[in-house]
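> Below you will find the structure I want to go over with you.
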Amino acid sequence: MNIEDNIILKISDLSVSTDGNQILNGLNLTVKKGETHAIMGPNGSGKSTLAKTVAGHPDYLITSGKIRFLNKDLLSMSVNERSNLGLFLGFQYPIEIPGLSNTAFLKAAINAQRKFLDLKVMPANEFLLQLKSTADQLGLDQSFLSRGVNEGFSGGEKKRNEIMQMLMLNPKLSILDETDSGLDIDSMKVVARGVNSSRSEDSSTIIITHYERLLNYLVPDYVHVFFNGKIIKTGNLELANELEKKGYEWLVQKK
Amino acid sequence: MVSSKKIKSLFDNSKLDLNPSLSSEFPDWFQDFKQKSLDQFMAHNIPSVADSEWEYTKIDSLLALLFNREVLNRIDPKDLPDKSIESDNDAICIHFHNGQYFASSDLPDHIMIFSKTHDKDIFKHLFKLDINPQRSFLSAMNSIIFSDTLLIKTLQNQKVDTEIHIINHSHYDSIIAPRLHIHVAENSSLKVFEHVKSSTQSVISHLMTIFCEADSDLEFYKLIEQQEDTHFLSTQTVQMAENSKANFFSWDFGGNTSTTNTLAELNGKKSDFHYSALFTPSDDHHSGNHLRVEHKANKTKSRIKIRGVLNDQSKGVFFGKIKVNENVLGTSAFMENKNLLISDDATISTQPILEIYNDDTECSHSATSGSIDEEKLFYIQSRGIPEIEAKQYLIGSFIKELINEITNIKIKTLLQNNFQYIDNQS
């Protein structure tokens, strides 16, 4: 197999600014099929900026570098095309959209993806069955499906809802931005189970987190530490455990 | 600007009669009323954009269309609509074409049409001059043009479950003046749905009066679909007696000019007035929404919700005034106007005013205007939905809150179907 075929995401020398502030400074990161990467690092180190930049948020300006996704130029694609191709961003703060039901939203999302892939619209009953069983899996009551997207949901419910969307869209690469923040232990387990169930040889996950707890459930292949907009150290779960004990200071000083 | 002198020269008596085939059989009192309306119209200062009421209104092009024409209201039989459109077994359907009665289901006794009835004197008390300065221009215009009149009048204690569906068609180049009078008698109830469908270059001067007697209950829905060069000018008054309830919903898709001027007088104790309206102009259209609510008795209640979605270079105006009289106790009034500007070139002017002369009043008002929320838009797009569609969903969600309050399922569905991105699941 061509080595490029095995790479899902390749970020080269990426620099990004927002609101006139340079946040990412020459970042390099390669994610291969089936891998799970964790990104840790102090506040303001550029973790969420990376997530939003990859997803295509208009407020983030790429000043240099390239991003290739499934061997295609990601930066030339619209936000929706990135999603259609298999990118998923689990939002740190999921947005509330009153008046648009979760069900209608997901149905539109799935059918947009299928249209992009030249597939027929998913039959309504098939969609509903799949949606209900996914909601069950995440312990979300059926009533959430007819409510407005994230409307009046608790913090934990919003995060579960993100995972539900992820499972339904079945992405090639999921970037989960602090999906564990604000979750109680039970919710975290549910979310971790959801993420684990989506892992496969073909798909990859990037988890942005401040805590090792979620990582203990997910066991990432790599743990990267972000500082000043680039990766300053890469290790495995042991690095996350060490960071939990010692914080980031020792790493930053060594640098 | 068209001067009133010019109007005088155009509107001599020979041109007064826009519908000669109709009025030959009309009684003297009607001819007299029309003459008085013309006198009133002539005495009136022609509105200009300097008047706050007419700000943004393309009054010049409207007046030019109205007065500078030779042939009026030709009806070519091939232009007539198909009677089968919008017939509905569960409703009484009444079709007007170019303002004149055209077809209907079998009409029950409580529905009367001026051009059809032999006993025209039943209508006499409904034709009187409106002396209110805010509306007299519009109502006089309606009287001069005069097309036909529909009267719906219930009997005491009559609960009419069958909805009355009025369809106003108009075709190219017509000038029409529909007139609708609704009288909901004591302890009776009524549901009316009016659908205005107009072709390009028509002028519609619409007049409606509603009287709700004690303990009555009225639901009224209006859908205004207009073509590009249509001018729609509407004036409506609602008078409410003790314990009466009236619930209005209107959706105006907009035309070249579309203005609605509404006066609601809550004359009876515990009368309850709800008014929700949606206006969605596009292109360089103008939409004006003027509303006055007067609380004139104790424990009356009003709920006003107006929403605008403005596209392209359209301009919108909301002027809403709630007045609570000095000697009136226990009033509850609420007025809200929210606007969504989906283009950088669209503008809205909003003016909610409270005029309260009694402390025993619970009253609130608010007005907001904003553009599409970029974070919401990004969130929807990030799930694979294209930008255009994502925007439509956000517009749908903005509109949905208002549509959700409609209790009549049939009307709700009809309105939802008019807008594919309104999610009908929740």
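For the structure tokens, the naming scheme is as follows: chains receive sequential letters (A, B, ...) according to their order of presentation, residues are indexed from 1 within each chain, and ligands are indexed from 1 in presentation order.
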Show me a table, sorted first by chain and then by increasing residue number, of the residues of chain B having an atom at most 9 Å from chain A, each with its shortest atom pair and the distance in Å to one decimal, counting only C-alpha atoms and written as a tab-separated table.

```
residue	atom	partner	partner_atom	distance
B:Glu374	CA	A:Pro58	CA	9.0
B:Glu375	CA	A:Ile95	CA	7.4
B:Lys376	CA	A:Ile95	CA	6.2
B:Phe378	CA	A:His57	CA	6.7
B:Tyr379	CA	A:Ile95	CA	6.7
B:Ile380	CA	A:Phe105	CA	8.1
B:Gln381	CA	A:Asn80	CA	4.9
B:Ser382	CA	A:Asn80	CA	5.5
B:Arg383	CA	A:Ala109	CA	5.6
B:Gly384	CA	A:Asn80	CA	3.9
B:Ile385	CA	A:Asn80	CA	5.5
B:Pro386	CA	A:Asn80	CA	5.6
B:Glu387	CA	A:Asn80	CA	7.6
B:Tyr393	CA	A:Leu100	CA	7.2
B:Leu394	CA	A:Ile97	CA	7.8
B:Gly396	CA	A:Gly99	CA	7.4
B:Ser397	CA	A:Gly99	CA	4.2
B:Phe398	CA	A:Gly99	CA	7.0
B:Ile399	CA	A:Gly99	CA	8.2
B:Lys400	CA	A:Gly99	CA	5.6
B:Glu401	CA	A:Gly99	CA	6.4
B:Asn404	CA	A:Gly99	CA	8.8
B:Ile422	CA	A:Leu100	CA	7.8
B:Asp423	CA	A:Leu100	CA	5.9
B:Asn424	CA	A:Ala104	CA	8.5
B:Gln425	CA	A:Ser146	CA	6.4
B:Ser426	CA	A:Ser146	CA	5.4
```
> Could you find all residues in stretch 6-249 of chain A that DSSP calls strand (DSSP E) from the backbone, and write them as JSON, numbers by chain?
{"A": [7, 8, 9, 10, 11, 12, 13, 14, 15, 16, 17, 18, 21, 22, 23, 24, 25, 26, 27, 28, 29, 30, 31, 32, 36, 37, 38, 39, 40, 61, 62, 63, 64, 65, 66, 67, 68, 69, 72, 73, 87, 88, 89, 90, 97, 98, 99, 100, 101, 148, 149, 173, 174, 175, 176, 177, 204, 205, 206, 207, 208, 222, 223, 224, 225, 226, 227, 230, 231, 232, 233, 234, 235]}
> Take the residues just selected and output them with C-alpha atoms as a tab-separated table (two decimals), in the first residue's frame.

```tsv
chain	number	residue	atom	x	y	z
A	7	ILE	CA	-2.32	8.92	6.31
A	8	ILE	CA	-5.59	10.54	7.29
A	9	LEU	CA	-4.35	13.97	8.33
A	10	LYS	CA	-1.04	15.63	7.60
A	11	ILE	CA	-0.39	19.11	8.98
A	12	SER	CA	2.83	20.77	7.83
A	13	ASP	CA	4.34	23.96	9.20
A	14	LEU	CA	0.94	25.41	10.08
A	15	SER	CA	0.74	28.96	11.40
A	16	VAL	CA	-2.62	30.49	12.28
A	17	SER	CA	-3.74	33.80	13.69
A	18	THR	CA	-7.06	35.02	14.98
A	21	ASN	CA	-2.87	37.23	17.44
A	22	GLN	CA	-0.58	34.50	16.17
A	23	ILE	CA	-1.73	31.29	17.87
A	24	LEU	CA	-0.21	28.39	15.94
A	25	ASN	CA	3.47	28.67	15.01
A	26	GLY	CA	4.70	26.13	12.52
A	27	LEU	CA	2.80	23.11	13.76
A	28	ASN	CA	3.50	19.64	12.34
A	29	LEU	CA	1.26	16.65	13.00
A	30	THR	CA	0.55	13.44	11.13
A	31	VAL	CA	-2.34	11.13	12.00
A	32	LYS	CA	-2.51	7.70	10.42
A	36	THR	CA	-5.81	7.91	18.48
A	37	HIS	CA	-3.88	11.06	19.35
A	38	ALA	CA	-4.31	13.11	22.50
A	39	ILE	CA	-3.41	16.78	22.62
A	40	MET	CA	-2.72	18.34	25.99
A	61	LEU	CA	-6.51	32.94	9.35
A	62	ILE	CA	-3.88	30.58	7.97
A	63	THR	CA	-0.65	32.54	7.59
A	64	SER	CA	1.45	29.61	6.40
A	65	GLY	CA	1.48	25.84	6.04
A	66	LYS	CA	-0.60	23.06	4.59
A	67	ILE	CA	-3.20	20.60	5.80
A	68	ARG	CA	-3.91	17.46	3.81
A	69	PHE	CA	-6.92	15.34	4.72
A	72	LYS	CA	-6.61	16.17	-0.42
A	73	ASP	CA	-5.96	19.86	0.18
A	87	LEU	CA	-14.13	15.16	9.31
A	88	PHE	CA	-15.96	15.66	12.58
A	89	LEU	CA	-15.40	18.32	15.21
A	90	GLY	CA	-16.86	17.68	18.65
A	97	ILE	CA	-30.31	26.09	17.94
A	98	PRO	CA	-33.87	26.50	19.20
A	99	GLY	CA	-36.55	25.70	16.66
A	100	LEU	CA	-34.49	23.11	14.77
A	101	SER	CA	-34.96	19.65	16.24
A	148	GLY	CA	-34.21	21.85	19.57
A	149	VAL	CA	-30.52	21.15	18.95
A	173	LEU	CA	-11.38	11.64	11.64
A	174	SER	CA	-12.95	12.95	14.83
A	175	ILE	CA	-11.47	15.88	16.70
A	176	LEU	CA	-13.00	16.03	20.15
A	177	ASP	CA	-12.35	19.38	21.77
A	204	SER	CA	-8.81	8.09	13.65
A	205	THR	CA	-9.43	10.31	16.63
A	206	ILE	CA	-7.79	13.42	18.05
A	207	ILE	CA	-8.72	14.11	21.65
A	208	ILE	CA	-8.05	17.53	23.13
A	222	TYR	CA	0.26	9.27	21.14
A	223	VAL	CA	0.07	12.10	23.63
A	224	HIS	CA	1.28	15.49	22.36
A	225	VAL	CA	1.99	18.52	24.48
A	226	PHE	CA	1.17	21.89	22.92
A	227	PHE	CA	2.97	25.04	23.94
A	230	LYS	CA	3.45	23.91	18.44
A	231	ILE	CA	4.13	20.45	19.79
A	232	ILE	CA	6.96	20.48	22.33
A	233	LYS	CA	6.82	16.85	23.40
A	234	THR	CA	5.23	13.63	22.21
A	235	GLY	CA	4.85	10.48	24.29
```
> Write out as number ranges by chain which residues come within 12 Å of B:Pro108 when counting only C-alpha atoms, dropping same-chain ones fewer than 5 positions away.
B: 91-94, 113, 151-155, 160, 162, 164
> Counting only C-alpha atoms, which of A:Leu117, A:Phe153, A:Asp202, A:Pro42 gets nearest to A:Glu244?
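That would be A:Pro42, the residue with the smallest distance to A:Glu244.
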